[in-house]
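Structure data (mmCIF, C-alpha atoms) from structure-v2.cif:
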```cif
data_start
#
loop_
_atom_site.label_atom_id
_atom_site.label_comp_id
_atom_site.auth_asym_id
_atom_site.auth_seq_id
_atom_site.Cartn_x
_atom_site.Cartn_y
_atom_site.Cartn_z
CA MET A 1 84.85 -34.82 70.82
CA THR A 2 82.79 -34.85 67.66
CA ALA A 3 79.73 -37.02 67.64
CA PRO A 4 77.58 -37.62 64.58
CA ARG A 5 74.32 -35.79 64.30
CA SER A 6 71.79 -37.91 66.02
CA THR A 7 68.70 -39.20 64.36
CA THR A 8 67.27 -40.13 67.73
CA THR A 9 67.78 -36.91 69.65
CA ASN A 10 64.30 -37.12 71.10
CA GLU A 11 64.84 -40.61 72.44
CA PRO A 12 64.93 -40.59 76.22
CA THR A 13 68.64 -41.45 76.27
CA ASP A 14 68.97 -39.44 79.41
CA PRO A 15 66.32 -39.11 82.05
CA TYR A 16 65.56 -35.47 81.48
CA VAL A 17 65.45 -34.62 77.79
CA ASP A 18 61.93 -35.84 77.17
CA LEU A 19 60.46 -33.65 79.86
CA PRO A 20 58.26 -30.85 78.55
CA VAL A 21 60.28 -27.91 77.30
CA PRO A 22 58.04 -24.89 77.03
CA ASP A 23 60.21 -22.22 75.44
CA GLN A 24 57.49 -19.74 74.52
CA ARG A 25 57.89 -17.43 77.45
CA LYS A 26 60.06 -17.52 80.51
CA GLN A 27 57.12 -17.32 82.87
CA GLN A 28 55.44 -20.28 81.20
CA SER A 29 58.71 -22.16 81.39
CA TRP A 30 58.96 -21.50 85.11
CA ARG A 31 55.38 -22.56 85.70
CA ALA A 32 56.12 -25.91 84.07
CA GLN A 33 59.61 -26.28 85.53
CA GLY A 34 58.83 -25.21 89.08
CA PRO A 35 57.16 -28.45 90.22
CA ILE A 36 59.79 -30.54 88.42
CA VAL A 37 62.68 -28.68 90.08
CA ALA A 38 60.93 -28.99 93.46
CA MET A 39 60.48 -32.74 92.99
CA VAL A 40 64.14 -33.15 91.96
CA ALA A 41 65.20 -31.23 95.09
CA LEU A 42 62.94 -33.31 97.35
CA GLY A 43 64.10 -36.58 95.79
CA GLY A 44 67.72 -35.46 95.95
CA ALA A 45 67.38 -34.82 99.69
CA VAL A 46 65.90 -38.29 100.22
CA GLY A 47 68.59 -39.99 98.12
CA ALA A 48 71.51 -38.09 99.69
CA SER A 49 70.16 -38.82 103.20
CA ALA A 50 70.01 -42.52 102.36
CA ARG A 51 73.61 -42.40 101.11
CA TYR A 52 74.72 -40.56 104.26
CA GLY A 53 72.84 -43.11 106.36
CA ALA A 54 74.64 -45.95 104.58
CA SER A 55 78.00 -44.31 105.34
CA MET A 56 76.98 -44.10 109.04
CA VAL A 57 75.84 -47.74 109.22
CA TRP A 58 78.82 -49.11 107.27
CA PRO A 59 81.70 -46.70 107.92
CA VAL A 60 84.92 -47.24 105.97
CA ALA A 61 88.27 -46.47 107.58
CA ALA A 62 90.62 -44.11 105.72
CA GLY A 63 92.95 -46.06 103.43
CA SER A 64 90.74 -49.14 103.21
CA PHE A 65 88.62 -50.27 100.27
CA PRO A 66 85.49 -48.04 99.97
CA TRP A 67 82.92 -50.84 99.89
CA THR A 68 80.04 -48.65 101.05
CA THR A 69 80.28 -46.21 98.11
CA LEU A 70 80.73 -49.14 95.73
CA TRP A 71 77.54 -50.81 96.99
CA VAL A 72 75.58 -47.55 97.05
CA ASN A 73 76.48 -46.90 93.40
CA ALA A 74 75.84 -50.49 92.31
CA VAL A 75 72.45 -50.62 94.05
CA GLY A 76 71.45 -47.22 92.61
CA CYS A 77 72.37 -48.44 89.10
CA ALA A 78 70.35 -51.65 89.51
CA VAL A 79 67.31 -49.70 90.71
CA ILE A 80 67.50 -47.20 87.81
CA GLY A 81 67.65 -50.16 85.39
CA VAL A 82 64.36 -51.52 86.77
CA PHE A 83 62.77 -48.08 87.12
CA MET A 84 63.53 -46.81 83.61
CA VAL A 85 62.20 -49.98 81.95
CA LEU A 86 59.00 -49.80 84.00
CA ILE A 87 58.47 -46.09 83.39
CA THR A 88 59.33 -46.01 79.67
CA GLU A 89 58.04 -49.40 78.54
CA VAL A 90 55.33 -50.46 81.00
CA TRP A 91 53.60 -47.67 82.91
CA ALA A 92 52.42 -44.28 81.75
CA ALA A 93 53.52 -42.68 85.01
CA HIS A 94 52.66 -39.18 86.21
CA ARG A 95 55.08 -36.58 84.79
CA LEU A 96 56.59 -35.89 88.21
CA VAL A 97 57.44 -39.52 89.05
CA ARG A 98 60.61 -39.57 86.97
CA PRO A 99 61.99 -36.21 88.20
CA PHE A 100 61.34 -37.27 91.79
CA PHE A 101 62.59 -40.83 91.75
CA GLY A 102 64.95 -41.13 88.76
CA THR A 103 66.58 -37.72 88.74
CA GLY A 104 66.12 -36.89 92.43
CA VAL A 105 66.29 -39.98 94.65
CA LEU A 106 68.59 -42.16 92.53
CA GLY A 107 70.71 -39.24 91.32
CA GLY A 108 71.11 -38.02 94.90
CA PHE A 109 71.78 -41.52 96.23
CA THR A 110 74.56 -42.40 93.78
CA THR A 111 77.65 -40.26 93.47
CA PHE A 112 80.44 -39.84 90.96
CA SER A 113 82.42 -37.25 92.91
CA THR A 114 82.94 -39.44 95.99
CA TYR A 115 83.95 -42.29 93.67
CA ALA A 116 86.66 -40.12 92.06
CA LEU A 117 87.87 -38.72 95.40
CA ASP A 118 87.96 -42.23 96.93
CA ILE A 119 90.36 -43.24 94.15
CA GLN A 120 92.42 -40.06 94.59
CA LYS A 121 92.74 -40.71 98.35
CA LEU A 122 93.75 -44.35 97.86
CA VAL A 123 96.41 -43.38 95.30
CA ALA A 124 97.70 -40.44 97.38
CA GLY A 125 97.84 -42.70 100.44
CA GLY A 126 100.10 -45.17 98.63
CA HIS A 127 97.39 -47.73 97.86
CA SER A 128 97.53 -47.41 94.06
CA ARG A 129 96.57 -51.04 93.46
CA ALA A 130 93.50 -50.78 95.68
CA GLY A 131 92.61 -47.52 93.89
CA LEU A 132 92.83 -49.15 90.49
CA ALA A 133 90.86 -52.19 91.68
CA TYR A 134 88.17 -49.90 93.12
CA LEU A 135 88.03 -47.88 89.87
CA ALA A 136 87.47 -51.03 87.80
CA ALA A 137 85.22 -52.81 90.31
CA THR A 138 82.78 -49.89 90.59
CA LEU A 139 82.59 -49.48 86.81
CA CYS A 140 81.99 -53.21 86.26
CA ALA A 141 79.48 -53.49 89.11
CA ALA A 142 77.53 -50.39 88.04
CA LEU A 143 77.34 -51.25 84.34
CA ALA A 144 76.56 -54.91 85.02
CA ALA A 145 73.88 -53.88 87.53
CA VAL A 146 72.06 -51.50 85.20
CA TRP A 147 72.25 -53.94 82.27
CA LEU A 148 71.15 -56.99 84.29
CA ALA A 149 68.35 -55.10 86.04
CA ALA A 150 66.97 -53.70 82.77
CA THR A 151 67.22 -57.07 81.00
CA VAL A 152 65.60 -59.07 83.80
CA THR A 153 62.81 -56.50 84.17
CA ARG A 154 62.06 -56.62 80.42
CA ARG A 155 61.97 -60.45 80.52
CA LEU A 156 59.65 -60.50 83.53
CA VAL A 157 57.32 -57.95 81.95
CA ALA A 158 57.23 -59.93 78.68
CA TRP A 159 56.61 -63.17 80.60
CA ARG A 160 53.74 -61.65 82.59
CA GLN A 161 52.14 -60.21 79.48
CA ARG A 162 52.05 -63.57 77.65
CA MET B 1 72.40 -31.27 112.64
CA ASN B 2 74.65 -33.37 110.38
CA TRP B 3 71.65 -34.76 108.51
CA LEU B 4 70.33 -31.25 108.03
CA LEU B 5 73.63 -30.16 106.45
CA VAL B 6 73.55 -33.09 104.02
CA ILE B 7 69.91 -32.37 103.15
CA CYS B 8 70.57 -28.64 102.62
CA GLY B 9 73.43 -29.44 100.25
CA ALA B 10 71.40 -32.03 98.34
CA VAL B 11 68.39 -29.73 97.98
CA VAL B 12 70.66 -27.37 96.02
CA GLY B 13 72.85 -29.99 94.29
CA ALA B 14 70.14 -32.16 92.73
CA PRO B 15 68.24 -29.31 90.99
CA MET B 16 71.61 -27.87 89.89
CA ARG B 17 72.29 -31.18 88.13
CA TYR B 18 68.85 -31.19 86.51
CA LEU B 19 69.07 -27.57 85.31
CA THR B 20 72.69 -27.88 84.13
CA ASP B 21 71.86 -31.06 82.23
CA ARG B 22 68.92 -29.37 80.51
CA ALA B 23 70.97 -26.30 79.62
CA VAL B 24 73.83 -28.39 78.20
CA GLN B 25 71.61 -30.87 76.33
CA LYS B 26 69.76 -27.99 74.64
CA ARG B 27 73.03 -26.65 73.21
CA HIS B 28 74.25 -29.67 71.26
CA ASP B 29 72.88 -32.10 68.76
CA THR B 30 74.80 -35.30 69.43
CA VAL B 31 74.08 -38.59 71.18
CA PHE B 32 76.87 -37.98 73.69
CA PRO B 33 75.48 -37.24 77.18
CA TRP B 34 77.44 -34.02 77.69
CA GLY B 35 75.05 -32.85 80.43
CA THR B 36 75.80 -35.67 82.87
CA PHE B 37 79.47 -35.55 81.88
CA THR B 38 79.59 -31.84 82.76
CA VAL B 39 77.96 -32.14 86.21
CA ASN B 40 80.10 -35.15 87.12
CA VAL B 41 83.38 -33.45 86.18
CA VAL B 42 82.41 -30.16 87.87
CA GLY B 43 81.34 -32.07 90.99
CA CYS B 44 84.67 -33.93 91.08
CA LEU B 45 86.55 -30.63 90.81
CA ILE B 46 84.56 -29.03 93.65
CA LEU B 47 84.91 -32.10 95.89
CA GLY B 48 88.65 -32.20 95.11
CA LEU B 49 89.04 -28.56 96.17
CA LEU B 50 86.98 -29.21 99.28
CA SER B 51 88.85 -32.38 100.18
CA GLY B 52 92.16 -30.52 99.88
CA ALA B 53 90.78 -27.66 101.99
CA VAL B 54 89.64 -30.11 104.70
CA ALA B 55 93.03 -31.87 104.65
CA THR B 56 94.87 -28.59 105.20
CA GLY B 57 92.44 -27.55 107.91
CA ALA B 58 90.94 -24.68 105.89
CA ALA B 59 87.44 -26.22 105.91
CA SER B 60 85.58 -27.88 108.77
CA SER B 61 83.84 -31.24 108.77
CA HIS B 62 80.52 -29.36 108.72
CA VAL B 63 81.47 -27.71 105.43
CA GLN B 64 82.49 -31.16 104.18
CA LEU B 65 79.01 -32.53 104.99
CA LEU B 66 77.17 -29.57 103.44
CA LEU B 67 79.21 -29.13 100.25
CA GLY B 68 80.79 -32.59 99.93
CA THR B 69 78.29 -35.25 101.00
CA GLY B 70 75.27 -33.04 100.29
CA LEU B 71 75.97 -30.73 97.35
CA CYS B 72 78.63 -32.63 95.36
CA GLY B 73 77.04 -35.99 96.16
CA ALA B 74 73.69 -34.87 94.77
CA LEU B 75 75.22 -32.84 91.92
CA THR B 76 77.04 -35.89 90.56
CA THR B 77 75.41 -39.18 89.65
CA TYR B 78 76.49 -42.72 88.89
CA SER B 79 73.02 -44.08 88.11
CA THR B 80 72.32 -41.69 85.21
CA PHE B 81 75.89 -42.12 83.95
CA SER B 82 75.54 -45.92 83.75
CA TYR B 83 71.97 -45.79 82.42
CA GLU B 84 72.99 -43.41 79.63
CA THR B 85 75.93 -45.68 78.81
CA LEU B 86 73.55 -48.66 78.61
CA ARG B 87 71.19 -46.72 76.33
CA LEU B 88 74.04 -45.76 73.99
CA ALA B 89 75.18 -49.40 73.81
CA GLU B 90 71.61 -50.68 73.25
CA ASP B 91 71.01 -48.11 70.50
CA GLY B 92 74.09 -49.34 68.63
CA ALA B 93 76.30 -46.38 69.55
CA ARG B 94 78.90 -48.69 71.09
CA PHE B 95 81.75 -46.29 70.41
CA PHE B 96 80.00 -43.47 72.25
CA ALA B 97 79.12 -45.80 75.12
CA ALA B 98 82.79 -46.70 75.54
CA ALA B 99 83.85 -43.08 75.00
CA ASN B 100 81.40 -41.95 77.70
CA VAL B 101 82.88 -44.39 80.22
CA VAL B 102 86.51 -43.56 79.42
CA ALA B 103 85.96 -39.79 79.16
CA SER B 104 83.91 -39.57 82.37
CA VAL B 105 86.39 -41.58 84.44
CA VAL B 106 89.48 -39.85 83.03
CA ALA B 107 88.02 -36.33 83.25
CA GLY B 108 86.43 -36.95 86.67
CA LEU B 109 89.65 -38.33 88.13
CA GLY B 110 91.68 -35.55 86.49
CA ALA B 111 89.35 -32.93 87.98
CA ALA B 112 89.60 -34.55 91.42
CA PHE B 113 93.42 -34.55 91.34
CA VAL B 114 93.55 -30.97 90.02
CA GLY B 115 91.12 -29.84 92.73
CA VAL B 116 93.13 -31.41 95.54
CA SER B 117 96.41 -29.98 94.19
CA CYS B 118 94.94 -26.49 93.80
CA ALA B 119 93.51 -26.56 97.34
CA GLU B 120 96.84 -27.69 98.76
CA ALA B 121 98.66 -24.95 96.86
CA LEU B 122 96.15 -22.36 98.04
CA TRP B 123 95.83 -23.28 101.73
CA ALA B 124 98.93 -25.26 102.62
#
```

Now, as a test, write the supplied structure out as structure tokens.
Amino acid sequence: MTAPRSTTTNEPTDPYVDLPVPDQRKQQSWRAQGPIVAMVALGGAVGASARYGASMVWPVAAGSFPWTTLWVNAVGCAVIGVFMVLITEVWAAHRLVRPFFGTGVLGGFTTFSTYALDIQKLVAGGHSRAGLAYLAATLCAALAAVWLAATVTRRLVAWRQR
Amino acid sequence: MNWLLVICGAVVGAPMRYLTDRAVQKRHDTVFPWGTFTVNVVGCLILGLLSGAVATGAASSHVQLLLGTGLCGALTTYSTFSYETLRLAEDGARFFAAANVVASVVAGLGAAFVGVSCAEALWA
């Protein structure tokens, strides 16, 4: 795919690119990156544990609609919508808050691989319609959640600041 | 024990996502979020292989928890994927927002199917 050269490459389009990038010396880079990587690992463990806990509390039988993964992904997308608006437009948060919560917890909580494998299993098990419905439902729920959450948060912040 | 396996996998998977994303994003100059795309597709391929290995009895449920729920679950992300799509759409890059959704789903699903088929061919 060819994308046009961006004029907004430094925009925080993704949660990591605006983190400090010290490229002077490797050692310096590691000194700056070490705490960030540690926070991402810690957050990832918290998020993945929460996802595993959800799958224990709401188990889904093989061949049935994977509601638990759908809800986990939708909730994670709603929370990142709120979080990113707060952290980029409202608070000047500590530099480790975003690696811990955005990249770590929410990234570890939500999952794309289980989503894809859920669809593969439904299709392979002869439930192609359910697979297709799950594919579309997760996409719609996730994108609607992040958009709604970000929009409502912005409105609330603007309303409070008036 | 099971929780510990998930945590061990996630402690490796999440930083792998962060470092891969940084490495990929440094190497291109476009608005397309290739970093997240890469980790998601790679994670789908690994989980596909693992799922096939578990189905054929080549991998245990403990390996599934460590590498599947823990590592692949933390390596891949839906929240960053949808947030980046929202940002592309808000910044007026509607085509790239749509392309990100279509490409991620098609490539992720393709990788999952390829992984399962390869595992079945290898261990069946």

Taking a cut-off of 9 Å and counting only C-alpha atoms, can you build a table that, for each residue of region 41-98 of chain B near region 115-123 of chain A, reports the nearest atom pair and how far apart they are in Å (one decimal), sorted by chain then residue number, as JSON lines?
```
{"residue": "B:Cys44", "atom": "CA", "partner": "A:Ala116", "partner_atom": "CA", "distance": 6.6}
{"residue": "B:Leu47", "atom": "CA", "partner": "A:Leu117", "partner_atom": "CA", "distance": 7.3}
{"residue": "B:Gly48", "atom": "CA", "partner": "A:Leu117", "partner_atom": "CA", "distance": 6.6}
{"residue": "B:Ser51", "atom": "CA", "partner": "A:Leu117", "partner_atom": "CA", "distance": 8.0}
{"residue": "B:Tyr78", "atom": "CA", "partner": "A:Tyr115", "partner_atom": "CA", "distance": 8.9}
```

Serialized selection, C-alpha atoms, as a compact mmCIF listing (two decimals), in the frame of the given file:
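selection.txt written:
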```txt
# COMPACT_ATOMS: atom_id res chain seq x y z
CA CYS B 44 84.67 -33.93 91.08
CA LEU B 47 84.91 -32.10 95.89
CA GLY B 48 88.65 -32.20 95.11
CA SER B 51 88.85 -32.38 100.18
CA TYR B 78 76.49 -42.72 88.89
```

Pick out the chain B residues within 7 Å of chain A. Count all atoms listed in the file. Give them as a PyMOL selection string. chain B and resi 3+6-7+10-12+14-15+22+29-32+40+43-44+47-48+70+72-74+76-80+82-84+86-87+108-109+112-113

Atomic separation - CA of Leu122 (chain B) relative to CA of Ala58 (chain B), Å: 9.7 Å

Can you list, as a list in words, every protein, DNA or RNA residue that comes within 7 Å of Thr36 (chain B) when you count only C-alpha atoms, leaving out same-chain residues fewer than 3 positions away?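 Non-adjacent residues within range: Asp21, Pro33, Val39, Asn40 and Phe81 of chain B.
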
Any chance you could resolve the PyMOL selection byres ((chain B and resi 100) around 8) against this file and give the residues as a PyMOL selection string? chain B and resi 32-33+37+85+96-99+101-104

Work out how far CA of Ser117 (chain B) is from CA of Gly52 (chain B), in Å to one decimal.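 So the two atoms, CA of Gly52 (chain B) and CA of Ser117 (chain B), lie 7.1 Å apart.
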
Nearest to Leu71 (chain B), chosen from B:Asn2, B:Arg17, B:Gly115, B:Val24, with all atoms listed in the file counted in the distances: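 For Leu71 (chain B), the nearest of the given residues is B:Arg17.
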
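Reported to one decimal place, the separation of CA of Gly68 (chain B) from CA of Ser55 (chain A) is 13.2 Å.
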
Write out as a ChimeraX atom specification which residues come within 9 Å of Leu5 (chain B) when counting all atoms listed in the file, dropping same-chain ones fewer than 6 positions away. /B:62-63,65-67,69-70

Between A:Trp159, A:Pro66, A:Val97, A:Phe83, which has the minimum distance to Ala137 (chain A) (counting all atoms listed in the file)?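 Closest to Ala137 (chain A) of all the choices is A:Pro66.
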
May I ask you to restore N, CA, C and O atoms in region 82-107 of chain B and write the result as a JSON list (two decimals), in the frame of the given file?
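Here's the written file part-v6.json:
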```
[["chain", "number", "residue", "atom", "x", "y", "z"],
["B", 82, "SER", "N", 75.54, -44.53, 84.24],
["B", 82, "SER", "CA", 75.54, -45.92, 83.75],
["B", 82, "SER", "C", 74.30, -46.20, 82.90],
["B", 82, "SER", "O", 74.38, -46.95, 81.93],
["B", 83, "TYR", "N", 73.17, -45.56, 83.24],
["B", 83, "TYR", "CA", 71.97, -45.79, 82.42],
["B", 83, "TYR", "C", 72.16, -45.21, 81.01],
["B", 83, "TYR", "O", 71.79, -45.83, 80.02],
["B", 84, "GLU", "N", 72.75, -44.01, 80.93],
["B", 84, "GLU", "CA", 72.99, -43.41, 79.63],
["B", 84, "GLU", "C", 73.98, -44.24, 78.81],
["B", 84, "GLU", "O", 73.85, -44.35, 77.59],
["B", 85, "THR", "N", 74.97, -44.81, 79.49],
["B", 85, "THR", "CA", 75.93, -45.68, 78.81],
["B", 85, "THR", "C", 75.22, -46.91, 78.26],
["B", 85, "THR", "O", 75.44, -47.31, 77.11],
["B", 86, "LEU", "N", 74.33, -47.49, 79.05],
["B", 86, "LEU", "CA", 73.55, -48.66, 78.61],
["B", 86, "LEU", "C", 72.70, -48.30, 77.40],
["B", 86, "LEU", "O", 72.66, -49.05, 76.42],
["B", 87, "ARG", "N", 72.05, -47.13, 77.45],
["B", 87, "ARG", "CA", 71.19, -46.72, 76.33],
["B", 87, "ARG", "C", 72.01, -46.54, 75.05],
["B", 87, "ARG", "O", 71.57, -46.94, 73.97],
["B", 88, "LEU", "N", 73.19, -45.94, 75.16],
["B", 88, "LEU", "CA", 74.04, -45.76, 73.99],
["B", 88, "LEU", "C", 74.41, -47.13, 73.41],
["B", 88, "LEU", "O", 74.34, -47.33, 72.20],
["B", 89, "ALA", "N", 74.79, -48.07, 74.28],
["B", 89, "ALA", "CA", 75.18, -49.40, 73.81],
["B", 89, "ALA", "C", 73.99, -50.11, 73.17],
["B", 89, "ALA", "O", 74.13, -50.73, 72.11],
["B", 90, "GLU", "N", 72.81, -50.01, 73.79],
["B", 90, "GLU", "CA", 71.61, -50.68, 73.25],
["B", 90, "GLU", "C", 71.18, -50.08, 71.91],
["B", 90, "GLU", "O", 70.65, -50.78, 71.06],
["B", 91, "ASP", "N", 71.41, -48.77, 71.74],
["B", 91, "ASP", "CA", 71.01, -48.11, 70.50],
["B", 91, "ASP", "C", 72.06, -48.28, 69.40],
["B", 91, "ASP", "O", 71.95, -47.66, 68.35],
["B", 92, "GLY", "N", 73.08, -49.06, 69.65],
["B", 92, "GLY", "CA", 74.09, -49.34, 68.63],
["B", 92, "GLY", "C", 75.24, -48.35, 68.62],
["B", 92, "GLY", "O", 76.15, -48.47, 67.80],
["B", 93, "ALA", "N", 75.21, -47.36, 69.50],
["B", 93, "ALA", "CA", 76.30, -46.38, 69.55],
["B", 93, "ALA", "C", 77.37, -46.88, 70.52],
["B", 93, "ALA", "O", 77.68, -46.24, 71.52],
["B", 94, "ARG", "N", 77.94, -48.05, 70.19],
["B", 94, "ARG", "CA", 78.90, -48.69, 71.09],
["B", 94, "ARG", "C", 80.12, -47.81, 71.34],
["B", 94, "ARG", "O", 80.64, -47.77, 72.45],
["B", 95, "PHE", "N", 80.57, -47.13, 70.26],
["B", 95, "PHE", "CA", 81.75, -46.29, 70.41],
["B", 95, "PHE", "C", 81.50, -45.18, 71.41],
["B", 95, "PHE", "O", 82.33, -44.91, 72.28],
["B", 96, "PHE", "N", 80.30, -44.57, 71.33],
["B", 96, "PHE", "CA", 80.00, -43.47, 72.25],
["B", 96, "PHE", "C", 79.79, -43.97, 73.67],
["B", 96, "PHE", "O", 80.09, -43.28, 74.63],
["B", 97, "ALA", "N", 79.27, -45.21, 73.78],
["B", 97, "ALA", "CA", 79.12, -45.80, 75.12],
["B", 97, "ALA", "C", 80.49, -45.95, 75.77],
["B", 97, "ALA", "O", 80.70, -45.53, 76.91],
["B", 98, "ALA", "N", 81.43, -46.51, 75.02],
["B", 98, "ALA", "CA", 82.79, -46.70, 75.54],
["B", 98, "ALA", "C", 83.46, -45.35, 75.80],
["B", 98, "ALA", "O", 84.11, -45.14, 76.83],
["B", 99, "ALA", "N", 83.25, -44.41, 74.85],
["B", 99, "ALA", "CA", 83.85, -43.08, 75.00],
["B", 99, "ALA", "C", 83.31, -42.38, 76.24],
["B", 99, "ALA", "O", 84.06, -41.70, 76.95],
["B", 100, "ASN", "N", 82.01, -42.57, 76.52],
["B", 100, "ASN", "CA", 81.40, -41.95, 77.70],
["B", 100, "ASN", "C", 82.06, -42.47, 78.98],
["B", 100, "ASN", "O", 82.38, -41.70, 79.88],
["B", 101, "VAL", "N", 82.26, -43.79, 79.03],
["B", 101, "VAL", "CA", 82.88, -44.39, 80.22],
["B", 101, "VAL", "C", 84.30, -43.87, 80.39],
["B", 101, "VAL", "O", 84.67, -43.37, 81.47],
["B", 102, "VAL", "N", 85.10, -43.96, 79.33],
["B", 102, "VAL", "CA", 86.51, -43.56, 79.42],
["B", 102, "VAL", "C", 86.62, -42.07, 79.74],
["B", 102, "VAL", "O", 87.35, -41.66, 80.65],
["B", 103, "ALA", "N", 85.86, -41.24, 78.98],
["B", 103, "ALA", "CA", 85.96, -39.79, 79.16],
["B", 103, "ALA", "C", 85.51, -39.37, 80.55],
["B", 103, "ALA", "O", 86.15, -38.53, 81.19],
["B", 104, "SER", "N", 84.41, -39.96, 81.04],
["B", 104, "SER", "CA", 83.91, -39.57, 82.37],
["B", 104, "SER", "C", 84.90, -39.93, 83.46],
["B", 104, "SER", "O", 85.16, -39.12, 84.36],
["B", 105, "VAL", "N", 85.45, -41.15, 83.40],
["B", 105, "VAL", "CA", 86.39, -41.58, 84.44],
["B", 105, "VAL", "C", 87.67, -40.75, 84.37],
["B", 105, "VAL", "O", 88.15, -40.25, 85.40],
["B", 106, "VAL", "N", 88.22, -40.59, 83.16],
["B", 106, "VAL", "CA", 89.48, -39.85, 83.03],
["B", 106, "VAL", "C", 89.29, -38.38, 83.44],
["B", 106, "VAL", "O", 90.07, -37.84, 84.24],
["B", 107, "ALA", "N", 88.24, -37.74, 82.93],
["B", 107, "ALA", "CA", 88.02, -36.33, 83.25],
["B", 107, "ALA", "C", 87.64, -36.14, 84.72],
["B", 107, "ALA", "O", 88.11, -35.19, 85.37]]
```
